[in-house]
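Visitor: Data file start-v1.tsv (TSV, C-alpha atoms and all ligand atoms) is appended below.
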```tsv
chain	number	residue	atom	x	y	z
A	1	MET	CA	-0.80	-50.98	-66.93
A	2	HIS	CA	0.96	-47.79	-65.77
A	3	ILE	CA	-1.02	-45.81	-63.15
A	4	ARG	CA	-1.52	-42.41	-64.77
A	5	LYS	CA	-4.52	-40.96	-62.97
A	6	ALA	CA	-5.25	-40.16	-59.35
A	7	VAL	CA	-8.55	-39.27	-57.74
A	8	LEU	CA	-8.46	-36.83	-54.80
A	9	PRO	CA	-11.79	-36.57	-52.99
A	10	VAL	CA	-11.81	-33.01	-51.62
A	11	ALA	CA	-15.53	-32.38	-51.09
A	12	GLY	CA	-15.55	-32.99	-47.29
A	13	HIS	CA	-16.20	-30.10	-44.91
A	14	GLY	CA	-13.48	-30.77	-42.39
A	15	THR	CA	-15.70	-30.63	-39.34
A	16	ARG	CA	-12.81	-31.70	-37.10
A	17	VAL	CA	-10.85	-28.53	-37.93
A	18	LEU	CA	-13.70	-26.02	-37.77
A	19	PRO	CA	-13.84	-23.05	-37.59
A	20	ALA	CA	-10.47	-22.92	-39.43
A	21	SER	CA	-12.11	-24.63	-42.41
A	22	LYS	CA	-15.31	-22.54	-42.36
A	23	SER	CA	-14.51	-20.51	-45.48
A	24	ILE	CA	-11.19	-22.06	-46.58
A	25	PRO	CA	-11.06	-25.63	-47.88
A	26	LYS	CA	-9.28	-27.67	-45.20
A	27	GLU	CA	-6.98	-29.03	-47.92
A	28	LEU	CA	-5.54	-25.51	-48.34
A	29	LEU	CA	-4.57	-25.00	-44.70
A	30	PRO	CA	-0.79	-24.55	-44.53
A	31	VAL	CA	1.72	-26.95	-43.08
A	32	VAL	CA	4.77	-24.64	-42.72
A	33	ASP	CA	4.75	-23.06	-46.19
A	34	GLN	CA	2.60	-25.31	-48.35
A	35	PRO	CA	-1.05	-26.32	-48.19
A	36	VAL	CA	-1.76	-29.88	-47.05
A	37	ILE	CA	-2.88	-30.87	-50.55
A	38	GLN	CA	0.46	-29.86	-52.09
A	39	TYR	CA	2.22	-32.59	-50.07
A	40	VAL	CA	-0.29	-35.14	-51.35
A	41	VAL	CA	0.05	-34.02	-54.97
A	42	ASP	CA	3.86	-34.16	-54.65
A	43	GLU	CA	3.60	-37.71	-53.28
A	44	ALA	CA	1.49	-38.70	-56.29
A	45	ARG	CA	3.72	-37.00	-58.84
A	46	GLU	CA	6.72	-38.84	-57.43
A	47	ALA	CA	4.78	-42.05	-58.12
A	48	GLY	CA	4.34	-41.11	-61.80
A	49	ILE	CA	0.80	-39.70	-61.66
A	50	GLU	CA	0.14	-37.50	-64.68
A	51	HIS	CA	-3.51	-36.54	-64.29
A	52	PHE	CA	-5.33	-35.41	-61.16
A	53	VAL	CA	-9.09	-35.76	-60.76
A	54	PHE	CA	-10.35	-33.56	-57.92
A	55	VAL	CA	-13.80	-34.44	-56.63
A	56	THR	CA	-14.81	-31.11	-55.16
A	57	GLY	CA	-17.99	-29.60	-53.77
A	58	ARG	CA	-19.55	-26.25	-52.98
A	59	GLY	CA	-17.13	-23.80	-51.37
A	60	LYS	CA	-14.06	-25.62	-52.70
A	61	GLY	CA	-13.37	-23.41	-55.74
A	62	ALA	CA	-10.13	-22.11	-54.19
A	63	ILE	CA	-8.54	-25.53	-54.80
A	64	GLU	CA	-9.02	-25.11	-58.55
A	65	ASP	CA	-7.43	-21.64	-58.41
A	66	TYR	CA	-4.51	-22.95	-56.36
A	67	PHE	CA	-3.39	-25.36	-59.08
A	68	ASP	CA	-3.94	-22.84	-61.89
A	69	GLU	CA	-1.71	-20.16	-63.36
A	70	ALA	CA	-1.75	-17.00	-61.18
A	71	PHE	CA	-0.98	-14.58	-64.00
A	72	GLU	CA	-1.04	-11.26	-62.11
A	73	LEU	CA	0.84	-12.64	-59.10
A	74	GLU	CA	3.53	-14.25	-61.25
A	75	HIS	CA	3.87	-11.06	-63.29
A	76	THR	CA	4.32	-8.95	-60.14
A	77	LEU	CA	6.87	-11.35	-58.65
A	78	ALA	CA	8.76	-11.62	-61.96
A	79	SER	CA	9.27	-7.85	-62.05
A	80	LYS	CA	11.33	-7.93	-58.82
A	81	ALA	CA	14.67	-9.73	-58.88
A	82	SER	CA	14.54	-10.23	-55.10
A	83	LYS	CA	11.39	-12.35	-55.48
A	84	ALA	CA	12.89	-14.92	-57.88
A	85	GLU	CA	12.84	-17.75	-55.33
A	86	ILE	CA	9.25	-17.03	-54.29
A	87	LEU	CA	8.24	-16.96	-57.97
A	88	LYS	CA	9.74	-20.43	-58.39
A	89	ASP	CA	7.75	-21.72	-55.38
A	90	VAL	CA	4.54	-20.25	-56.82
A	91	GLN	CA	5.15	-21.65	-60.30
A	92	ARG	CA	5.84	-25.10	-58.91
A	93	THR	CA	2.23	-25.37	-57.72
A	94	LYS	CA	0.77	-25.16	-61.24
A	95	LEU	CA	-0.39	-28.43	-62.69
A	96	PRO	CA	0.52	-28.73	-66.39
A	97	PRO	CA	-2.17	-27.82	-68.94
A	98	GLY	CA	-4.72	-30.61	-69.22
A	99	ALA	CA	-3.34	-32.46	-66.18
A	100	ALA	CA	-6.20	-31.62	-63.80
A	101	SER	CA	-9.93	-32.28	-63.93
A	102	PHE	CA	-12.57	-31.13	-61.48
A	103	THR	CA	-15.93	-32.71	-60.87
A	104	ARG	CA	-18.40	-32.12	-58.06
A	105	GLN	CA	-19.90	-34.43	-55.52
A	106	GLN	CA	-23.27	-32.77	-55.04
A	107	ALA	CA	-24.19	-34.38	-51.72
A	108	PRO	CA	-22.00	-35.85	-48.93
A	109	LEU	CA	-23.00	-39.46	-49.50
A	110	GLY	CA	-19.66	-40.99	-48.54
A	111	LEU	CA	-16.17	-41.75	-49.83
A	112	GLY	CA	-17.43	-44.50	-52.14
A	113	HIS	CA	-19.81	-42.08	-53.80
A	114	ALA	CA	-17.06	-39.44	-54.10
A	115	VAL	CA	-14.79	-41.89	-55.93
A	116	TRP	CA	-17.71	-42.99	-58.15
A	117	CYS	CA	-18.17	-39.34	-59.21
A	118	ALA	CA	-14.76	-39.58	-60.98
A	119	LYS	CA	-15.72	-42.60	-63.12
A	120	ASP	CA	-16.20	-40.87	-66.47
A	121	ILE	CA	-12.95	-38.95	-66.14
A	122	VAL	CA	-10.91	-41.98	-65.06
A	123	GLY	CA	-12.44	-44.27	-67.70
A	124	ASP	CA	-11.37	-47.86	-68.16
A	125	GLU	CA	-7.94	-47.95	-66.55
A	126	PRO	CA	-6.44	-48.68	-63.12
A	127	PHE	CA	-6.07	-45.54	-61.00
A	128	ALA	CA	-4.95	-44.27	-57.63
A	129	VAL	CA	-7.01	-42.66	-54.86
A	130	LEU	CA	-5.32	-40.37	-52.31
A	131	LEU	CA	-7.26	-39.01	-49.34
A	132	PRO	CA	-5.93	-35.49	-48.95
A	133	ASP	CA	-6.30	-35.24	-45.17
A	134	VAL	CA	-3.36	-37.53	-44.73
A	135	ILE	CA	0.24	-36.45	-45.32
A	136	LEU	CA	2.60	-39.41	-45.62
A	137	ARG	CA	6.27	-38.54	-45.26
A	138	ALA	CA	8.26	-41.28	-46.94
A	139	LYS	CA	11.18	-41.88	-49.28
A	140	PRO	CA	10.28	-43.01	-51.93
A	141	SER	CA	6.80	-41.56	-51.51
A	142	ALA	CA	4.17	-43.92	-50.11
A	143	LEU	CA	2.29	-44.10	-53.40
A	144	ALA	CA	5.58	-44.70	-55.24
A	145	GLN	CA	6.26	-47.66	-52.92
A	146	MET	CA	2.77	-48.99	-53.69
A	147	VAL	CA	3.20	-48.55	-57.45
A	148	GLU	CA	6.46	-50.51	-57.26
A	149	ALA	CA	4.61	-53.35	-55.50
A	150	TYR	CA	1.68	-53.09	-57.93
A	151	ASP	CA	4.03	-53.38	-60.93
A	152	LYS	CA	5.08	-56.78	-59.55
A	153	VAL	CA	1.75	-58.24	-58.41
A	154	GLY	CA	-1.01	-56.31	-60.26
A	155	GLY	CA	-4.59	-56.40	-59.04
A	156	ASN	CA	-5.52	-53.87	-56.37
A	157	VAL	CA	-3.19	-52.52	-53.68
A	158	ILE	CA	-4.15	-50.45	-50.62
A	159	ALA	CA	-1.84	-48.84	-48.09
A	160	VAL	CA	-2.10	-49.94	-44.47
A	161	ASN	CA	-0.30	-49.04	-41.25
A	162	PRO	CA	-0.63	-49.95	-37.57
A	163	VAL	CA	-3.34	-48.26	-35.50
A	164	PRO	CA	-3.61	-48.09	-31.69
A	165	GLU	CA	-6.46	-50.26	-30.44
A	166	GLU	CA	-8.41	-47.34	-28.97
A	167	GLN	CA	-8.61	-45.70	-32.43
A	168	VAL	CA	-9.46	-48.75	-34.50
A	169	SER	CA	-13.19	-47.90	-34.79
A	170	SER	CA	-12.41	-44.72	-36.73
A	171	TYR	CA	-10.90	-46.52	-39.72
A	172	GLY	CA	-11.18	-49.26	-42.29
A	173	VAL	CA	-9.39	-52.36	-40.95
A	174	ILE	CA	-8.04	-55.39	-42.84
A	175	THR	CA	-7.98	-59.12	-42.10
A	176	PRO	CA	-4.44	-60.22	-43.01
A	177	LYS	CA	-3.92	-63.77	-44.33
A	178	SER	CA	-0.25	-64.06	-45.20
A	179	ARG	CA	2.68	-61.75	-45.56
A	180	ASP	CA	5.69	-61.37	-47.84
A	181	GLY	CA	7.80	-58.45	-46.58
A	182	ARG	CA	5.56	-55.38	-46.71
A	183	LEU	CA	3.01	-57.01	-49.01
A	184	ILE	CA	0.05	-58.62	-47.26
A	185	GLU	CA	-2.57	-60.96	-48.68
A	186	MET	CA	-5.95	-60.31	-47.15
A	187	SER	CA	-9.10	-62.28	-46.56
A	188	GLY	CA	-11.28	-59.31	-45.68
A	189	MET	CA	-11.74	-55.65	-44.79
A	190	VAL	CA	-14.26	-53.91	-42.59
A	191	GLU	CA	-15.13	-50.23	-42.28
A	192	LYS	CA	-15.14	-48.74	-38.78
A	193	PRO	CA	-15.58	-51.95	-36.77
A	194	GLU	CA	-16.42	-51.99	-33.07
A	195	ARG	CA	-13.22	-52.30	-31.08
A	196	GLU	CA	-13.94	-55.90	-30.06
A	197	ASP	CA	-14.78	-56.91	-33.66
A	198	ALA	CA	-11.66	-55.44	-35.29
A	199	PRO	CA	-9.96	-58.23	-37.28
A	200	SER	CA	-6.47	-56.71	-36.79
A	201	LEU	CA	-4.70	-53.52	-35.81
A	202	LEU	CA	-3.80	-52.64	-39.40
A	203	LYS	CA	-5.86	-49.77	-40.74
A	204	ILE	CA	-6.46	-48.56	-44.27
A	205	THR	CA	-4.32	-45.44	-44.59
A	206	GLY	CA	-6.02	-43.54	-47.41
A	207	ARG	CA	-3.97	-44.57	-50.46
A	208	TYR	CA	-5.40	-47.00	-52.98
A	209	ILE	CA	-4.54	-48.45	-56.40
A	210	LEU	CA	-7.76	-49.81	-57.85
A	211	GLN	CA	-8.99	-51.49	-61.01
A	212	PRO	CA	-11.79	-49.66	-62.87
A	213	GLN	CA	-14.30	-52.46	-62.11
A	214	ILE	CA	-14.70	-50.76	-58.72
A	215	PHE	CA	-16.92	-48.15	-60.42
A	216	GLY	CA	-19.53	-50.73	-61.45
A	217	LEU	CA	-19.66	-51.97	-57.85
A	218	LEU	CA	-19.90	-48.46	-56.41
A	219	GLU	CA	-22.83	-47.79	-58.74
A	220	ASP	CA	-25.16	-50.00	-56.70
A	221	GLN	CA	-23.27	-50.00	-53.39
A	222	GLY	CA	-25.72	-49.61	-50.49
A	223	LYS	CA	-25.06	-47.51	-47.42
A	224	GLY	CA	-22.66	-48.89	-44.84
A	225	ALA	CA	-20.95	-47.59	-41.70
A	226	GLY	CA	-22.24	-44.16	-40.66
A	227	GLY	CA	-25.06	-44.39	-43.22
A	228	GLU	CA	-22.55	-43.57	-46.01
A	229	ILE	CA	-21.62	-45.30	-49.27
A	230	GLN	CA	-18.27	-46.75	-48.27
A	231	LEU	CA	-15.37	-47.45	-50.61
A	232	THR	CA	-14.30	-50.26	-48.30
A	233	ASP	CA	-17.61	-52.14	-48.83
A	234	ALA	CA	-17.20	-52.01	-52.63
A	235	MET	CA	-13.57	-53.17	-52.28
A	236	VAL	CA	-14.74	-56.18	-50.25
A	237	ARG	CA	-16.99	-57.13	-53.20
A	238	LEU	CA	-14.20	-56.53	-55.74
A	239	MET	CA	-11.98	-58.84	-53.70
A	240	GLU	CA	-14.29	-61.74	-54.62
A	241	SER	CA	-13.17	-61.58	-58.26
A	242	GLN	CA	-9.78	-59.84	-58.24
A	243	ALA	CA	-6.43	-60.01	-56.49
A	244	PHE	CA	-6.26	-57.58	-53.57
A	245	TYR	CA	-3.20	-56.74	-51.50
A	246	ALA	CA	-2.42	-54.51	-48.58
A	247	TYR	CA	0.96	-52.80	-48.50
A	248	GLU	CA	2.46	-51.65	-45.22
A	249	PHE	CA	4.37	-48.63	-46.46
A	250	GLU	CA	7.53	-47.37	-44.81
A	251	GLY	CA	7.18	-43.81	-43.55
A	252	GLU	CA	5.38	-41.45	-41.19
A	253	GLU	CA	1.70	-40.52	-41.22
A	254	PHE	CA	0.11	-37.20	-40.24
A	255	ASP	CA	-3.68	-36.99	-40.13
A	256	CYS	CA	-4.26	-33.31	-40.87
A	257	GLY	CA	-8.02	-33.74	-40.53
A	258	SER	CA	-7.65	-33.62	-36.74
A	259	LYS	CA	-6.36	-30.78	-34.57
A	260	THR	CA	-3.48	-32.70	-33.02
A	261	GLY	CA	-2.54	-34.47	-36.28
A	262	TYR	CA	-2.40	-31.11	-38.03
A	263	PHE	CA	-0.27	-29.67	-35.25
A	264	GLU	CA	2.09	-32.65	-35.36
A	265	ALA	CA	2.43	-32.31	-39.14
A	266	THR	CA	3.35	-28.64	-38.73
A	267	LEU	CA	5.86	-29.38	-35.99
A	268	ALA	CA	7.47	-32.33	-37.80
A	269	HIS	CA	7.80	-30.43	-41.07
A	270	ALA	CA	9.08	-27.25	-39.38
A	271	LEU	CA	11.79	-29.35	-37.73
A	272	LYS	CA	12.96	-30.60	-41.18
A	273	HIS	CA	12.46	-27.52	-43.35
A	274	PRO	CA	15.84	-25.87	-44.12
A	275	GLU	CA	14.45	-22.36	-43.48
A	276	THR	CA	12.83	-23.16	-40.15
A	277	ALA	CA	14.58	-26.23	-38.66
A	278	ASP	CA	17.07	-24.42	-36.39
A	279	GLU	CA	14.59	-21.89	-35.05
A	280	ALA	CA	11.92	-24.55	-34.64
A	281	ARG	CA	14.28	-26.60	-32.46
A	282	GLY	CA	14.97	-23.51	-30.36
A	283	ILE	CA	11.28	-22.72	-29.96
A	284	LEU	CA	10.53	-26.31	-29.01
A	285	ALA	CA	13.29	-26.32	-26.37
A	286	ARG	CA	11.98	-23.04	-24.93
A	287	TYR	CA	8.45	-24.37	-24.57
A	288	ALA	CA	9.67	-27.70	-23.22
A	289	ASP	CA	11.39	-25.72	-20.43
A	290	THR	CA	8.26	-23.84	-19.43
A	291	THR	CA	5.87	-26.78	-19.15
B	301	LIG	C1	-11.70	-43.17	-44.76
B	301	LIG	C2	-11.88	-44.64	-45.16
B	301	LIG	C3	-11.23	-45.54	-44.12
B	301	LIG	C4	-9.78	-45.16	-43.91
B	301	LIG	C5	-9.66	-43.66	-43.57
B	301	LIG	C6	-8.20	-43.24	-43.55
B	301	LIG	O1	-12.48	-42.92	-43.61
B	301	LIG	O2	-13.26	-44.92	-45.30
B	301	LIG	O3	-11.31	-46.88	-44.53
B	301	LIG	O4	-9.21	-45.95	-42.90
B	301	LIG	O5	-10.35	-42.85	-44.52
B	301	LIG	O6	-8.05	-41.93	-43.12
B	301	LIG	P1	-12.88	-41.43	-43.16
B	301	LIG	O7	-11.67	-40.84	-42.50
B	301	LIG	O8	-13.25	-40.69	-44.40
B	301	LIG	O9	-14.03	-41.61	-42.21
```
Show the structure stored in the file as C-alpha cells.
Guide:
Amino acid sequence: MHIRKAVLPVAGHGTRVLPASKSIPKELLPVVDQPVIQYVVDEAREAGIEHFVFVTGRGKGAIEDYFDEAFELEHTLASKASKAEILKDVQRTKLPPGAASFTRQQAPLGLGHAVWCAKDIVGDEPFAVLLPDVILRAKPSALAQMVEAYDKVGGNVIAVNPVPEEQVSSYGVITPKSRDGRLIEMSGMVEKPEREDAPSLLKITGRYILQPQIFGLLEDQGKGAGGEIQLTDAMVRLMESQAFYAYEFEGEEFDCGSKTGYFEATLAHALKHPETADEARGILARYADTT
C-alpha cells in the first residue's frame, strides 16, 4: 500500500543546541535560508508523502504557524514587484489544506511514545517516521529510496548508515544477517548499546517505514534505554511477526541536533546554494589561511 502519511516527532527540547533552542523550536533553526524541518518535509514530499502528522509539545506552536498561510506577510510581499521571488519562497512552505495534523506529546516519555501519540491520526495504514534533527542530502531523497525498496519487498524498512565506533552508544544499532545491494535482512536491533556490545557499526538513521501494528506494541512497551519508551524496542517485537529490512541509503547525513552537525549542515548547504556557493568558498579559503 502506498505510503501517504509521515509522522514527525517534534516535541523534543533540543538540549544539545541550547540556548539557541530556548524559545525557538530547534526544528526552526535555519540552515542557510530554510529551517531544518523544511529540508525534512521536502525529503518526504519527494517520496510521495501527502499528509504530515507533527507530534509537538509545549512551546512548539511556531512550527504550526510556519506551515500555515501567512496572510499579512504574503499580502505585503505581493504588493511589491521586487519581492516576487521571496513571495514564492514563502508560499512554498505552506502545506496544502488538510495535509497537516498536529497532536501533542504531553510528557517526554521517549520516541516510542511520541510515535504512539500519532496512532489515531495515522489509522490502519503503513506510514513513515522522519526524525527532524537529521537532514539527509540525497538524490533521490533518502525516504524516496526507501519507498522504492519498500514497494518491492513490503514489510517494514528502516534507514541505516555507518557509524564510527566511538559514537555507537548514542544510536540504535542493527544486527545484519544478509545483504542484497543496499537492502539488508536483520536478525536484531538494539537501542544505545555499550560500545563492546554493539552488534555492528550500522546505526538507525531516523527514517522508518512501519506497519500500523507497531502502535499496538507501543501501547504496552515498557521503558528501555535511558528510561524512555523506545521505538527500537517495539520494532524488535514487531520483527517477530513481520518482515523487517534495513536500507543503507545513498547520501550524506547531517545531525542538526548537535552543535558541530548543525554547523556542518550550514557549511555544506552554503557551499551548494546558488546564491551563496561562491562567497562561501571564498570565506572558507580565508579562514583556512588564518588557522
Ligand atoms: C533516536 C533513535 C535511535 C536512532 C537515532 C537517530 O535516538 O532512538 O535508534 O539511531 O534517533 O538519530 P535519539 O537521537 O532520539 O536518542
Visitor: Which residue, A:Gly206, A:Gly57, A:Gly261, A:Pro140, has the smallest gap to Gly12 in chain A when you use only C-alpha atoms?
Guide: A:Gly57
Visitor: Please return as a list in words the residues found within 8 Å of ligand LIG 301 (chain B), counting only C-alpha atoms and all ligand atoms.
Guide: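 Every residue with an atom at most 8 Å from ligand LIG 301 (chain B) is listed here: Gly110, Leu111, Leu131, Asp133, Val134, Ser170, Tyr171, Gly172, Val173, Val190, Glu191, Lys192, Lys203, Ile204, Thr205, Gly206, Gln230, Leu231, Thr232 and Asp255 of chain A.
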Visitor: What does the structure give for the distance between CA of Met239 in chain A and CA of Ser187 in chain A, in Å to one decimal?
Guide: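 Rounded to one decimal, the two atoms are 8.4 Å apart.
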Visitor: Excluding Ala280 in chain A and any residue of its chain fewer than 3 positions from it, enumerate the residues within 12 Å of it, using only C-alpha atoms, and give them as a list in words.
Guide: Val32, Thr266, Leu267, Ala268, His269, Ala270, Leu271, Lys272, His273, Pro274, Glu275, Thr276, Ala277, Ile283, Leu284, Ala285, Arg286 and Tyr287 of chain A
Visitor: Given all atoms listed in the file as the basis, pick out the residue of A:Asp89, A:Asp233, A:Asp42, A:Glu253 nearest to Asp220 in chain A.
Guide: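 The answer is A:Asp233, which sits nearest to Asp220 in chain A.
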Visitor: Which value, in Å to one decimal, gives the distance between CA of Thr260 in chain A and CA of Asp278 in chain A?
Guide: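 So the answer is 22.4 Å.
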Visitor: Using all atoms listed in the file, collect all residues at a distance of at most 12 Å from (0.0, -26.6, -45.4) as written in the file, then present them as a PDB file with C-alpha atoms, in the coordinates of the input.
Guide:
```pdb
ATOM      1  CA  PRO A  25     -11.060 -25.630 -47.880  1.00  0.00           C
ATOM      2  CA  LYS A  26      -9.280 -27.670 -45.200  1.00  0.00           C
ATOM      3  CA  GLU A  27      -6.980 -29.030 -47.920  1.00  0.00           C
ATOM      4  CA  LEU A  28      -5.540 -25.510 -48.340  1.00  0.00           C
ATOM      5  CA  LEU A  29      -4.570 -25.000 -44.700  1.00  0.00           C
ATOM      6  CA  PRO A  30      -0.790 -24.550 -44.530  1.00  0.00           C
ATOM      7  CA  VAL A  31       1.720 -26.950 -43.080  1.00  0.00           C
ATOM      8  CA  VAL A  32       4.770 -24.640 -42.720  1.00  0.00           C
ATOM      9  CA  ASP A  33       4.750 -23.060 -46.190  1.00  0.00           C
ATOM     10  CA  GLN A  34       2.600 -25.310 -48.350  1.00  0.00           C
ATOM     11  CA  PRO A  35      -1.050 -26.320 -48.190  1.00  0.00           C
ATOM     12  CA  VAL A  36      -1.760 -29.880 -47.050  1.00  0.00           C
ATOM     13  CA  ILE A  37      -2.880 -30.870 -50.550  1.00  0.00           C
ATOM     14  CA  GLN A  38       0.460 -29.860 -52.090  1.00  0.00           C
ATOM     15  CA  TYR A  39       2.220 -32.590 -50.070  1.00  0.00           C
ATOM     16  CA  VAL A  40      -0.290 -35.140 -51.350  1.00  0.00           C
ATOM     17  CA  PRO A 132      -5.930 -35.490 -48.950  1.00  0.00           C
ATOM     18  CA  ASP A 133      -6.300 -35.240 -45.170  1.00  0.00           C
ATOM     19  CA  VAL A 134      -3.360 -37.530 -44.730  1.00  0.00           C
ATOM     20  CA  ILE A 135       0.240 -36.450 -45.320  1.00  0.00           C
ATOM     21  CA  PHE A 254       0.110 -37.200 -40.240  1.00  0.00           C
ATOM     22  CA  CYS A 256      -4.260 -33.310 -40.870  1.00  0.00           C
ATOM     23  CA  GLY A 257      -8.020 -33.740 -40.530  1.00  0.00           C
ATOM     24  CA  TYR A 262      -2.400 -31.110 -38.030  1.00  0.00           C
ATOM     25  CA  PHE A 263      -0.270 -29.670 -35.250  1.00  0.00           C
ATOM     26  CA  GLU A 264       2.090 -32.650 -35.360  1.00  0.00           C
ATOM     27  CA  ALA A 265       2.430 -32.310 -39.140  1.00  0.00           C
ATOM     28  CA  THR A 266       3.350 -28.640 -38.730  1.00  0.00           C
ATOM     29  CA  LEU A 267       5.860 -29.380 -35.990  1.00  0.00           C
ATOM     30  CA  HIS A 269       7.800 -30.430 -41.070  1.00  0.00           C
ATOM     31  CA  ALA A 270       9.080 -27.250 -39.380  1.00  0.00           C
TER      32      ALA A 270
END
```
Visitor: Excluding Gln91 in chain A and residues on its chain fewer than 4 positions from it, collect all residues at most 12 Å away from it, counting all atoms listed in the file, and give them as a count of residues only.
Guide: 17
Visitor: I need the residue nearest Ala6 in chain A from this list: A:Ala20, A:Cys117, A:Val122, A:Ala107. Use all atoms listed in the file for the distance.
Guide: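 Among the listed residues, the smallest separation from Ala6 in chain A belongs to A:Val122.
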Visitor: Export all heavy atoms of range 37-44 of chain A from the structure just given, as a PDB file, in the first residue's frame?
Guide:
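Ended up saving to decode_17.pdb:
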```pdb
ATOM      1  N   ILE A  37      13.552  21.802   9.509  1.00  0.00           N
ATOM      2  CA  ILE A  37      12.390  20.932   9.242  1.00  0.00           C
ATOM      3  C   ILE A  37      11.923  21.020   7.790  1.00  0.00           C
ATOM      4  O   ILE A  37      11.342  20.078   7.256  1.00  0.00           O
ATOM      5  CB  ILE A  37      11.243  21.243  10.224  1.00  0.00           C
ATOM      6  CG1 ILE A  37      10.278  20.071  10.268  1.00  0.00           C
ATOM      7  CG2 ILE A  37      10.548  22.554   9.905  1.00  0.00           C
ATOM      8  CD1 ILE A  37       9.394  20.028  11.463  1.00  0.00           C
ATOM      9  N   GLN A  38      12.215  22.139   7.120  1.00  0.00           N
ATOM     10  CA  GLN A  38      11.803  22.266   5.716  1.00  0.00           C
ATOM     11  C   GLN A  38      12.531  21.232   4.845  1.00  0.00           C
ATOM     12  O   GLN A  38      11.950  20.644   3.935  1.00  0.00           O
ATOM     13  CB  GLN A  38      12.092  23.678   5.207  1.00  0.00           C
ATOM     14  CG  GLN A  38      11.637  23.920   3.770  1.00  0.00           C
ATOM     15  CD  GLN A  38      10.119  23.954   3.641  1.00  0.00           C
ATOM     16  OE1 GLN A  38       9.470  24.737   4.305  1.00  0.00           O
ATOM     17  NE2 GLN A  38       9.561  23.098   2.808  1.00  0.00           N
ATOM     18  N   TYR A  39      13.807  20.993   5.156  1.00  0.00           N
ATOM     19  CA  TYR A  39      14.571  20.003   4.389  1.00  0.00           C
ATOM     20  C   TYR A  39      13.948  18.612   4.562  1.00  0.00           C
ATOM     21  O   TYR A  39      13.894  17.815   3.629  1.00  0.00           O
ATOM     22  CB  TYR A  39      16.036  19.961   4.863  1.00  0.00           C
ATOM     23  CG  TYR A  39      16.824  21.224   4.557  1.00  0.00           C
ATOM     24  CD1 TYR A  39      16.838  22.290   5.443  1.00  0.00           C
ATOM     25  CD2 TYR A  39      17.543  21.344   3.375  1.00  0.00           C
ATOM     26  CE1 TYR A  39      17.563  23.449   5.167  1.00  0.00           C
ATOM     27  CE2 TYR A  39      18.272  22.495   3.088  1.00  0.00           C
ATOM     28  CZ  TYR A  39      18.267  23.548   3.994  1.00  0.00           C
ATOM     29  OH  TYR A  39      18.981  24.694   3.707  1.00  0.00           O
ATOM     30  N   VAL A  40      13.483  18.346   5.789  1.00  0.00           N
ATOM     31  CA  VAL A  40      12.928  17.021   6.087  1.00  0.00           C
ATOM     32  C   VAL A  40      11.568  16.846   5.399  1.00  0.00           C
ATOM     33  O   VAL A  40      11.271  15.792   4.821  1.00  0.00           O
ATOM     34  CB  VAL A  40      12.828  16.829   7.625  1.00  0.00           C
ATOM     35  CG1 VAL A  40      12.230  15.483   7.971  1.00  0.00           C
ATOM     36  CG2 VAL A  40      14.207  16.995   8.268  1.00  0.00           C
ATOM     37  N   VAL A  41      10.764  17.915   5.430  1.00  0.00           N
ATOM     38  CA  VAL A  41       9.466  17.863   4.752  1.00  0.00           C
ATOM     39  C   VAL A  41       9.672  17.713   3.236  1.00  0.00           C
ATOM     40  O   VAL A  41       8.972  16.930   2.571  1.00  0.00           O
ATOM     41  CB  VAL A  41       8.626  19.122   5.112  1.00  0.00           C
ATOM     42  CG1 VAL A  41       7.458  19.310   4.155  1.00  0.00           C
ATOM     43  CG2 VAL A  41       8.118  19.009   6.544  1.00  0.00           C
ATOM     44  N   ASP A  42      10.647  18.420   2.685  1.00  0.00           N
ATOM     45  CA  ASP A  42      10.920  18.289   1.242  1.00  0.00           C
ATOM     46  C   ASP A  42      11.338  16.858   0.890  1.00  0.00           C
ATOM     47  O   ASP A  42      10.925  16.312  -0.135  1.00  0.00           O
ATOM     48  CB  ASP A  42      12.035  19.253   0.811  1.00  0.00           C
ATOM     49  CG  ASP A  42      11.551  20.703   0.767  1.00  0.00           C
ATOM     50  OD1 ASP A  42      10.325  20.926   0.816  1.00  0.00           O
ATOM     51  OD2 ASP A  42      12.408  21.609   0.708  1.00  0.00           O
ATOM     52  N   GLU A  43      12.164  16.265   1.748  1.00  0.00           N
ATOM     53  CA  GLU A  43      12.578  14.869   1.530  1.00  0.00           C
ATOM     54  C   GLU A  43      11.350  13.964   1.466  1.00  0.00           C
ATOM     55  O   GLU A  43      11.228  13.101   0.590  1.00  0.00           O
ATOM     56  CB  GLU A  43      13.506  14.414   2.675  1.00  0.00           C
ATOM     57  CG  GLU A  43      13.872  12.947   2.598  1.00  0.00           C
ATOM     58  CD  GLU A  43      14.549  12.412   3.868  1.00  0.00           C
ATOM     59  OE1 GLU A  43      15.124  13.200   4.646  1.00  0.00           O
ATOM     60  OE2 GLU A  43      14.486  11.179   4.071  1.00  0.00           O
ATOM     61  N   ALA A  44      10.423  14.190   2.404  1.00  0.00           N
ATOM     62  CA  ALA A  44       9.225  13.338   2.477  1.00  0.00           C
ATOM     63  C   ALA A  44       8.302  13.571   1.288  1.00  0.00           C
ATOM     64  O   ALA A  44       7.750  12.627   0.712  1.00  0.00           O
ATOM     65  CB  ALA A  44       8.499  13.608   3.788  1.00  0.00           C
TER      66      ALA A  44
END
```
